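For reference, work_11.tsv (TSV, C-alpha atoms and all ligand atoms):
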```tsv
chain	number	residue	atom	x	y	z
U	1044	MET	CA	88.97	118.57	125.10
U	1045	LYS	CA	85.30	118.32	126.16
U	1046	MET	CA	82.74	116.56	123.96
U	1047	GLU	CA	80.88	119.86	123.36
U	1048	LYS	CA	84.12	121.40	122.18
U	1049	LEU	CA	84.71	118.43	119.86
U	1050	SER	CA	81.25	118.95	118.36
U	1051	GLU	CA	81.72	122.71	117.96
U	1052	LYS	CA	85.11	122.26	116.40
U	1053	THR	CA	84.25	119.44	114.07
U	1054	THR	CA	81.07	121.00	112.71
U	1055	GLN	CA	83.34	123.74	111.36
U	1056	SER	CA	85.97	121.32	110.02
U	1057	GLU	CA	85.36	118.44	107.70
U	1058	TRP	CA	86.68	114.90	107.75
U	1059	LEU	CA	87.50	113.33	104.43
U	1060	ILE	CA	87.10	109.55	104.44
U	1061	ALA	CA	89.84	108.02	102.29
U	1062	SER	CA	87.73	105.22	100.86
U	1063	ASN	CA	85.71	104.32	97.80
U	1064	ASN	CA	83.86	101.62	99.73
U	1065	GLN	CA	80.35	103.02	100.24
U	1066	HIS	CA	79.60	100.45	102.98
U	1067	LYS	CA	82.55	101.63	105.07
U	1068	ILE	CA	81.60	105.27	104.47
U	1069	ASP	CA	77.99	104.61	105.52
U	1070	GLU	CA	79.15	102.78	108.67
U	1071	ILE	CA	81.48	105.64	109.64
U	1072	LYS	CA	78.74	108.23	109.06
U	1073	LEU	CA	76.25	106.12	111.04
U	1074	PHE	CA	78.71	105.76	113.93
U	1075	PHE	CA	78.85	109.52	114.49
U	1076	LEU	CA	75.09	109.89	113.93
U	1077	GLN	CA	74.27	107.09	116.42
U	1078	ARG	CA	76.36	108.74	119.11
U	1079	GLY	CA	75.14	112.28	118.43
U	1080	ILE	CA	78.64	113.47	117.52
U	1081	LYS	CA	78.34	116.32	115.05
U	1082	ILE	CA	81.22	115.53	112.76
U	1083	LYS	CA	80.86	116.36	109.08
U	1084	THR	CA	82.23	113.50	106.98
U	1085	LEU	CA	82.80	113.58	103.25
U	1086	SER	CA	83.45	110.65	100.95
U	1087	LEU	CA	86.04	110.96	98.17
U	1088	LYS	CA	83.15	111.09	95.71
U	1089	GLU	CA	81.49	113.93	97.61
U	1090	ALA	CA	84.82	115.80	97.68
U	1091	GLY	CA	85.28	115.24	93.93
U	1092	ILE	CA	88.52	113.29	94.45
U	1093	GLN	CA	89.36	110.22	92.40
U	1094	MET	CA	91.84	107.97	94.11
U	1095	ASP	CA	92.61	104.27	93.94
U	1096	VAL	CA	95.55	103.38	96.16
U	1097	ASP	CA	97.49	100.19	95.51
U	1098	GLU	CA	97.39	98.44	98.91
U	1099	SER	CA	100.94	97.14	98.60
U	1100	GLU	CA	101.92	96.96	102.30
U	1101	ASN	CA	101.71	93.73	104.29
U	1102	THR	CA	100.11	95.25	107.39
U	1103	PHE	CA	96.76	96.96	107.99
U	1104	GLU	CA	98.67	99.90	109.47
U	1105	GLY	CA	100.89	100.24	106.39
U	1106	ASN	CA	97.94	100.19	104.00
U	1107	ALA	CA	95.91	102.65	106.10
U	1108	TRP	CA	98.83	105.10	105.96
U	1109	LEU	CA	99.19	104.65	102.19
U	1110	LYS	CA	95.58	105.79	101.83
U	1111	ALA	CA	95.85	108.64	104.35
U	1112	ASP	CA	99.08	109.97	102.89
U	1113	ALA	CA	97.80	109.79	99.32
U	1114	LEU	CA	95.36	112.55	100.32
U	1115	LYS	CA	97.73	114.72	102.30
U	1116	GLY	CA	98.68	117.08	99.47
U	1117	LEU	CA	95.13	117.17	98.14
U	1118	TRP	CA	93.10	118.02	101.25
U	1119	ASN	CA	93.67	120.59	103.98
U	1120	GLY	CA	91.09	119.31	106.47
U	1121	ASN	CA	91.03	116.19	108.60
U	1122	ILE	CA	91.70	112.84	106.91
U	1123	LEU	CA	90.40	109.43	107.99
U	1124	ALA	CA	91.66	106.27	106.25
U	1125	ASP	CA	90.35	102.78	107.07
U	1126	ASP	CA	92.12	99.53	106.31
U	1127	SER	CA	90.38	96.44	107.53
U	1128	GLY	CA	90.03	92.74	107.05
U	1129	LEU	CA	89.12	89.33	108.39
U	1130	CYS	CA	91.70	87.11	110.13
U	1131	VAL	CA	90.91	83.42	110.61
U	1132	ASP	CA	92.84	81.47	113.26
U	1133	ALA	CA	92.83	78.15	111.41
U	1134	LEU	CA	94.13	79.86	108.24
U	1135	ASN	CA	97.04	81.50	110.09
U	1136	GLY	CA	95.40	84.92	109.90
U	1137	ALA	CA	94.29	84.74	106.24
U	1138	PRO	CA	92.64	86.38	104.38
U	1139	GLY	CA	94.07	89.25	106.50
U	1140	VAL	CA	95.41	92.17	104.48
U	1141	HIS	CA	94.32	90.32	101.33
U	1142	SER	CA	90.65	90.23	102.42
U	1143	ALA	CA	89.37	92.39	99.55
U	1144	ARG	CA	91.17	90.33	96.89
U	1145	TYR	CA	91.16	86.89	98.54
U	1146	ALA	CA	89.62	85.14	95.51
U	1147	GLY	CA	91.56	87.27	93.00
U	1148	GLU	CA	90.69	90.08	90.62
U	1149	PRO	CA	88.22	91.48	89.76
U	1150	THR	CA	87.23	91.65	93.42
U	1151	SER	CA	84.00	89.92	94.36
U	1152	HIS	CA	82.55	89.62	97.86
U	1153	ALA	CA	80.62	86.48	96.80
U	1154	ASN	CA	83.76	84.78	95.43
U	1155	ASN	CA	85.74	85.72	98.56
U	1156	VAL	CA	83.08	84.17	100.80
U	1157	SER	CA	82.92	81.01	98.64
U	1158	LYS	CA	86.70	80.61	98.75
U	1159	LEU	CA	86.75	81.09	102.53
U	1160	LEU	CA	83.99	78.51	103.11
U	1161	ASP	CA	85.77	76.12	100.78
U	1162	GLU	CA	89.07	76.46	102.65
U	1163	MET	CA	87.21	75.86	105.90
U	1164	LYS	CA	85.10	72.90	104.76
U	1165	SER	CA	86.62	70.45	107.22
U	1166	VAL	CA	87.89	72.93	109.82
U	1167	LEU	CA	86.43	72.60	113.31
U	1168	ASP	CA	88.19	75.58	114.91
U	1169	ARG	CA	86.25	78.45	113.30
U	1170	LYS	CA	87.56	81.32	115.44
U	1171	ALA	CA	88.16	84.57	113.57
U	1172	PHE	CA	88.27	88.30	114.07
U	1173	PHE	CA	87.78	91.45	112.08
U	1174	VAL	CA	90.25	94.28	112.52
U	1175	THR	CA	90.17	97.91	111.46
U	1176	VAL	CA	93.08	100.31	111.55
U	1177	LEU	CA	92.18	103.97	111.20
U	1178	ALA	CA	95.00	106.33	110.33
U	1179	GLY	CA	95.03	109.94	109.30
U	1180	TYR	CA	95.40	113.54	110.34
U	1181	TYR	CA	93.40	115.58	112.83
U	1182	ASN	CA	94.20	119.29	112.76
U	1183	GLY	CA	97.38	118.33	110.91
U	1184	MET	CA	98.48	115.85	113.61
U	1185	PRO	CA	98.86	112.18	112.67
U	1186	PHE	CA	96.83	109.57	114.55
U	1187	GLU	CA	96.48	105.77	114.39
U	1188	VAL	CA	93.92	103.62	116.22
U	1189	LYS	CA	92.81	99.99	115.98
U	1190	GLY	CA	89.60	98.06	116.72
U	1191	HIS	CA	88.69	94.36	116.77
U	1192	VAL	CA	85.61	92.18	116.96
U	1193	PHE	CA	86.04	88.49	117.78
U	1194	GLY	CA	83.76	85.69	116.64
U	1195	LYS	CA	83.58	82.65	114.38
U	1196	ILE	CA	83.00	81.69	110.76
U	1197	ALA	CA	79.57	80.24	109.97
U	1198	ARG	CA	79.20	77.02	107.93
U	1199	MET	CA	77.15	78.82	105.26
U	1200	PRO	CA	76.28	82.41	104.34
U	1201	MET	CA	73.33	83.80	106.30
U	1202	GLY	CA	71.65	87.20	105.87
U	1203	TRP	CA	71.61	89.74	103.09
U	1204	ASP	CA	72.69	92.97	104.74
U	1205	GLY	CA	76.18	94.42	105.04
U	1206	PHE	CA	79.09	93.62	102.74
U	1207	GLY	CA	82.21	91.49	102.37
U	1208	TYR	CA	82.36	88.61	104.83
U	1209	ASP	CA	79.35	89.82	106.85
U	1210	PRO	CA	77.17	86.81	105.85
U	1211	VAL	CA	79.67	84.34	107.37
U	1212	PHE	CA	80.88	86.18	110.48
U	1213	ILE	CA	79.10	85.51	113.78
U	1214	PRO	CA	80.36	87.83	116.54
U	1215	ASN	CA	80.88	86.32	119.99
U	1216	LYS	CA	77.78	86.34	122.25
U	1217	CYS	CA	75.58	86.60	119.15
U	1218	SER	CA	73.62	83.92	117.30
U	1219	ARG	CA	73.35	85.83	114.03
U	1220	THR	CA	75.88	86.83	111.38
U	1221	PHE	CA	76.77	90.48	110.79
U	1222	ALA	CA	74.60	90.31	107.65
U	1223	GLU	CA	71.58	89.31	109.75
U	1224	LEU	CA	72.00	92.26	112.10
U	1225	SER	CA	70.56	95.70	111.42
U	1226	HIS	CA	73.06	98.43	110.53
U	1227	ASP	CA	72.52	99.92	113.99
U	1228	GLU	CA	73.24	96.58	115.67
U	1229	LYS	CA	76.39	95.88	113.63
U	1230	ASN	CA	77.60	99.40	114.31
U	1231	LEU	CA	77.49	98.83	118.07
U	1232	LEU	CA	79.67	95.69	117.88
U	1233	SER	CA	81.93	96.09	114.90
U	1234	HIS	CA	85.70	96.41	114.59
U	1235	ARG	CA	85.14	99.71	112.76
U	1236	ALA	CA	83.02	101.09	115.62
U	1237	ALA	CA	85.65	99.93	118.16
U	1238	ALA	CA	88.35	101.80	116.24
U	1239	LEU	CA	86.15	104.88	115.90
U	1240	GLU	CA	85.54	104.83	119.69
U	1241	GLN	CA	89.34	104.96	120.11
U	1242	LEU	CA	89.55	107.84	117.67
U	1243	VAL	CA	86.89	109.82	119.56
U	1244	LEU	CA	88.79	109.25	122.83
U	1245	LYS	CA	92.00	110.39	121.16
U	1246	ILE	CA	90.41	113.54	119.78
U	1247	LYS	CA	88.97	114.29	123.20
U	1248	GLY	CA	92.47	113.95	124.63
U	1249	CYS	CA	91.65	110.92	126.77
U	1250	ALA	CA	93.83	108.32	125.06
K	1301	LIG	P1	90.25	97.23	102.42
K	1301	LIG	O1	90.21	97.75	103.82
K	1301	LIG	O2	89.67	98.18	101.43
K	1301	LIG	O3	91.59	96.70	102.06
K	1301	LIG	O4	89.32	95.96	102.29
K	1301	LIG	C1	88.66	95.47	103.32
K	1301	LIG	C2	88.04	94.13	102.93
K	1301	LIG	O5	87.92	93.41	104.15
K	1301	LIG	C3	86.64	94.30	102.37
K	1301	LIG	O6	86.62	94.29	100.97
K	1301	LIG	C4	85.93	93.10	102.95
K	1301	LIG	O7	86.18	91.97	102.16
K	1301	LIG	C5	86.62	92.90	104.29
K	1301	LIG	N1	85.94	93.67	105.36
K	1301	LIG	C6	86.41	94.75	106.04
K	1301	LIG	N2	85.51	95.18	106.93
K	1301	LIG	C7	84.44	94.39	106.78
K	1301	LIG	C8	83.17	94.37	107.42
K	1301	LIG	O8	82.81	95.20	108.27
K	1301	LIG	N3	82.35	93.38	107.02
K	1301	LIG	C9	82.68	92.45	106.08
K	1301	LIG	N4	83.84	92.45	105.44
K	1301	LIG	C10	84.72	93.42	105.79
```
Using structure tokens, write down the structure that the file contains.
Amino acid sequence: MKMEKLSEKTTQSEWLIASNNQHKIDEIKLFFLQRGIKIKTLSLKEAGIQMDVDESENTFEGNAWLKADALKGLWNGNILADDSGLCVDALNGAPGVHSARYAGEPTSHANNVSKLLDEMKSVLDRKAFFVTVLAGYYNGMPFEVKGHVFGKIARMPMGWDGFGYDPVFIPNKCSRTFAELSHDEKNLLSHRAAALEQLVLKIKGCA
């Protein structure tokens, strides 16, 4: 399918983003805006849907499908679910699928970051990556794509923008954390953008 066709088609259909995380929703919306792709995206709030899925699977893929499938009976249009997290080499992949609740409930980005820095106090190997799995339905057909960004964990939080572990993640070939980058800059490098690129290729029939 050509890009023009994708734009024509998707302006008529809507994509529901299966997330209550406003940061993720904003990043997904910005991705399409930045690339001039005319896809109409709706958050759960905008669609008037209340949903809080228990992320009980032990893989990003499993949790992304839990979110996508929770919407299947409720929404006829396209569905896009995002499950993502931070994996640290020296912590054997933790916080991983437990990224959102790493420091326990109620969830707190600040507490998660503190716990991570604490665990890594004397760790020299600071390699880490973010991963996003996007799963859902496009014209009723299931799809699943994945994106990564590799980097390292900073020694202290730096920057105020973004969310989650952004203040302590420094992507490779960059001297600043995600939280020190502008939204536009983060959205060119991020795991979420990499997964969305895969999704666009898939929709266009190239992958
Ligand atoms: P979930 O996908 O809702 O299970 O949670 C993802 C969690 O991973 C978030 O609450 C953050 O802690 C972390 N995370 C995912 N993506 C990002 C990101 O782009 N920046 C910072 N933290 C992220």
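Across the model, the gap from CA of Glu1228 in chain U to CA of Ala1137 in chain U is 25.9 Å.
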Pairwise distance for CA of Thr1175 in chain U and CA of Lys1115 in chain U, rounded to one decimal in Å: 20.6 Å
Test item: axis-aligned box, all listed atoms of range 1092-1111 of chain U, 3 Å on each side, centre and edges in Å rounded to one decimal, as lines of an AutoDock Vina configuration file:
```
center_x = 95.2
center_y = 103.5
center_z = 100.9
size_x = 19.4
size_y = 25.6
size_z = 23.1
```
Just checking: using only C-alpha atoms and all ligand atoms, which residue out of U:Phe1103, U:Tyr1208, U:Trp1118, U:Phe1221 ends up closest to ligand LIG 1301 (chain K)?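 Of U:Phe1103, U:Tyr1208, U:Trp1118, U:Phe1221, the one nearest ligand LIG 1301 (chain K) is U:Tyr1208, counting only C-alpha atoms and all ligand atoms.
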So which residues are near ligand LIG 1301 (chain K), meaning at most 7 Å away with all atoms listed in the file counted, given back as a ChimeraX atom specification? /U:1064,1098,1125-1129,1140-1143,1152,1173,1205-1209,1233,1235
Which of these residues is nearest to Lys1216 in chain U, using all atoms listed in the file: U:Trp1058, U:Val1156, U:Phe1193, U:Ala1237? U:Phe1193
Between CA of Glu1057 in chain U and CA of Leu1109 in chain U - distance in Å to one decimal: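 One can read the CA of Leu1109 in chain U to CA of Glu1057 in chain U distance as 20.3 Å.
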Taking (73.9, 89.9, 105.3) in the file's coordinates, which residues come within 12 Å, counting only C-alpha atoms, written as a list in words?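 Taken together, the residues in range are His1152, Ala1153, Val1156, Met1199, Pro1200, Met1201, Gly1202, Trp1203, Asp1204, Gly1205, Phe1206, Gly1207, Tyr1208, Asp1209, Pro1210, Val1211, Phe1212, Ile1213, Arg1219, Thr1220, Phe1221, Ala1222, Glu1223, Leu1224, Ser1225, His1226 and Lys1229 of chain U.
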Taking N, CA and C atoms as the atom set, what does range 1169-1193 of chain U look like once completed, written as a PDB file, in the frame of the given file?
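What ended up in out.pdb:
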```
ATOM      1  N   ARG U1169      86.741  77.435 114.246  1.00  0.00           N
ATOM      2  CA  ARG U1169      86.250  78.450 113.300  1.00  0.00           C
ATOM      3  C   ARG U1169      86.459  79.874 113.834  1.00  0.00           C
ATOM      4  N   LYS U1170      87.341  79.993 114.840  1.00  0.00           N
ATOM      5  CA  LYS U1170      87.560  81.320 115.440  1.00  0.00           C
ATOM      6  C   LYS U1170      88.172  82.294 114.425  1.00  0.00           C
ATOM      7  N   ALA U1171      87.689  83.540 114.503  1.00  0.00           N
ATOM      8  CA  ALA U1171      88.160  84.570 113.570  1.00  0.00           C
ATOM      9  C   ALA U1171      87.932  85.943 114.209  1.00  0.00           C
ATOM     10  N   PHE U1172      88.595  86.927 113.646  1.00  0.00           N
ATOM     11  CA  PHE U1172      88.270  88.300 114.070  1.00  0.00           C
ATOM     12  C   PHE U1172      88.391  89.253 112.901  1.00  0.00           C
ATOM     13  N   PHE U1173      87.638  90.332 113.003  1.00  0.00           N
ATOM     14  CA  PHE U1173      87.780  91.450 112.080  1.00  0.00           C
ATOM     15  C   PHE U1173      88.650  92.494 112.762  1.00  0.00           C
ATOM     16  N   VAL U1174      89.447  93.180 111.970  1.00  0.00           N
ATOM     17  CA  VAL U1174      90.250  94.280 112.520  1.00  0.00           C
ATOM     18  C   VAL U1174      90.128  95.483 111.589  1.00  0.00           C
ATOM     19  N   THR U1175      90.113  96.646 112.210  1.00  0.00           N
ATOM     20  CA  THR U1175      90.170  97.910 111.460  1.00  0.00           C
ATOM     21  C   THR U1175      91.287  98.766 112.018  1.00  0.00           C
ATOM     22  N   VAL U1176      92.128  99.270 111.139  1.00  0.00           N
ATOM     23  CA  VAL U1176      93.080 100.310 111.550  1.00  0.00           C
ATOM     24  C   VAL U1176      92.632 101.606 110.891  1.00  0.00           C
ATOM     25  N   LEU U1177      92.477 102.627 111.714  1.00  0.00           N
ATOM     26  CA  LEU U1177      92.180 103.970 111.200  1.00  0.00           C
ATOM     27  C   LEU U1177      93.438 104.803 111.348  1.00  0.00           C
ATOM     28  N   ALA U1178      93.824 105.448 110.270  1.00  0.00           N
ATOM     29  CA  ALA U1178      95.000 106.330 110.330  1.00  0.00           C
ATOM     30  C   ALA U1178      94.650 107.611 109.609  1.00  0.00           C
ATOM     31  N   GLY U1179      95.294 108.682 109.994  1.00  0.00           N
ATOM     32  CA  GLY U1179      95.030 109.940 109.300  1.00  0.00           C
ATOM     33  C   GLY U1179      95.556 111.132 110.041  1.00  0.00           C
ATOM     34  N   TYR U1180      94.926 112.265 109.786  1.00  0.00           N
ATOM     35  CA  TYR U1180      95.400 113.540 110.340  1.00  0.00           C
ATOM     36  C   TYR U1180      94.227 114.302 110.945  1.00  0.00           C
ATOM     37  N   TYR U1181      94.404 114.740 112.179  1.00  0.00           N
ATOM     38  CA  TYR U1181      93.400 115.580 112.830  1.00  0.00           C
ATOM     39  C   TYR U1181      94.065 116.901 113.173  1.00  0.00           C
ATOM     40  N   ASN U1182      93.550 117.983 112.625  1.00  0.00           N
ATOM     41  CA  ASN U1182      94.200 119.290 112.760  1.00  0.00           C
ATOM     42  C   ASN U1182      95.688 119.214 112.417  1.00  0.00           C
ATOM     43  N   GLY U1183      95.994 118.441 111.386  1.00  0.00           N
ATOM     44  CA  GLY U1183      97.380 118.330 110.910  1.00  0.00           C
ATOM     45  C   GLY U1183      98.232 117.337 111.674  1.00  0.00           C
ATOM     46  N   MET U1184      97.704 116.795 112.788  1.00  0.00           N
ATOM     47  CA  MET U1184      98.480 115.850 113.610  1.00  0.00           C
ATOM     48  C   MET U1184      98.133 114.409 113.224  1.00  0.00           C
ATOM     49  N   PRO U1185      99.164 113.566 113.037  1.00  0.00           N
ATOM     50  CA  PRO U1185      98.860 112.180 112.670  1.00  0.00           C
ATOM     51  C   PRO U1185      98.260 111.391 113.846  1.00  0.00           C
ATOM     52  N   PHE U1186      97.368 110.473 113.521  1.00  0.00           N
ATOM     53  CA  PHE U1186      96.830 109.570 114.550  1.00  0.00           C
ATOM     54  C   PHE U1186      96.705 108.174 113.954  1.00  0.00           C
ATOM     55  N   GLU U1187      96.692 107.166 114.827  1.00  0.00           N
ATOM     56  CA  GLU U1187      96.480 105.770 114.390  1.00  0.00           C
ATOM     57  C   GLU U1187      95.762 105.038 115.510  1.00  0.00           C
ATOM     58  N   VAL U1188      94.660 104.391 115.206  1.00  0.00           N
ATOM     59  CA  VAL U1188      93.920 103.620 116.220  1.00  0.00           C
ATOM     60  C   VAL U1188      93.490 102.292 115.590  1.00  0.00           C
ATOM     61  N   LYS U1189      93.125 101.337 116.459  1.00  0.00           N
ATOM     62  CA  LYS U1189      92.810  99.990 115.980  1.00  0.00           C
ATOM     63  C   LYS U1189      91.578  99.451 116.729  1.00  0.00           C
ATOM     64  N   GLY U1190      90.746  98.699 116.055  1.00  0.00           N
ATOM     65  CA  GLY U1190      89.600  98.060 116.720  1.00  0.00           C
ATOM     66  C   GLY U1190      89.430  96.638 116.238  1.00  0.00           C
ATOM     67  N   HIS U1191      88.907  95.772 117.122  1.00  0.00           N
ATOM     68  CA  HIS U1191      88.690  94.360 116.770  1.00  0.00           C
ATOM     69  C   HIS U1191      87.268  93.954 117.131  1.00  0.00           C
ATOM     70  N   VAL U1192      86.789  92.901 116.466  1.00  0.00           N
ATOM     71  CA  VAL U1192      85.610  92.180 116.960  1.00  0.00           C
ATOM     72  C   VAL U1192      85.906  90.692 116.752  1.00  0.00           C
ATOM     73  N   PHE U1193      85.707  89.919 117.815  1.00  0.00           N
ATOM     74  CA  PHE U1193      86.040  88.490 117.780  1.00  0.00           C
ATOM     75  C   PHE U1193      84.777  87.664 117.583  1.00  0.00           C
TER      76      PHE U1193
END
```
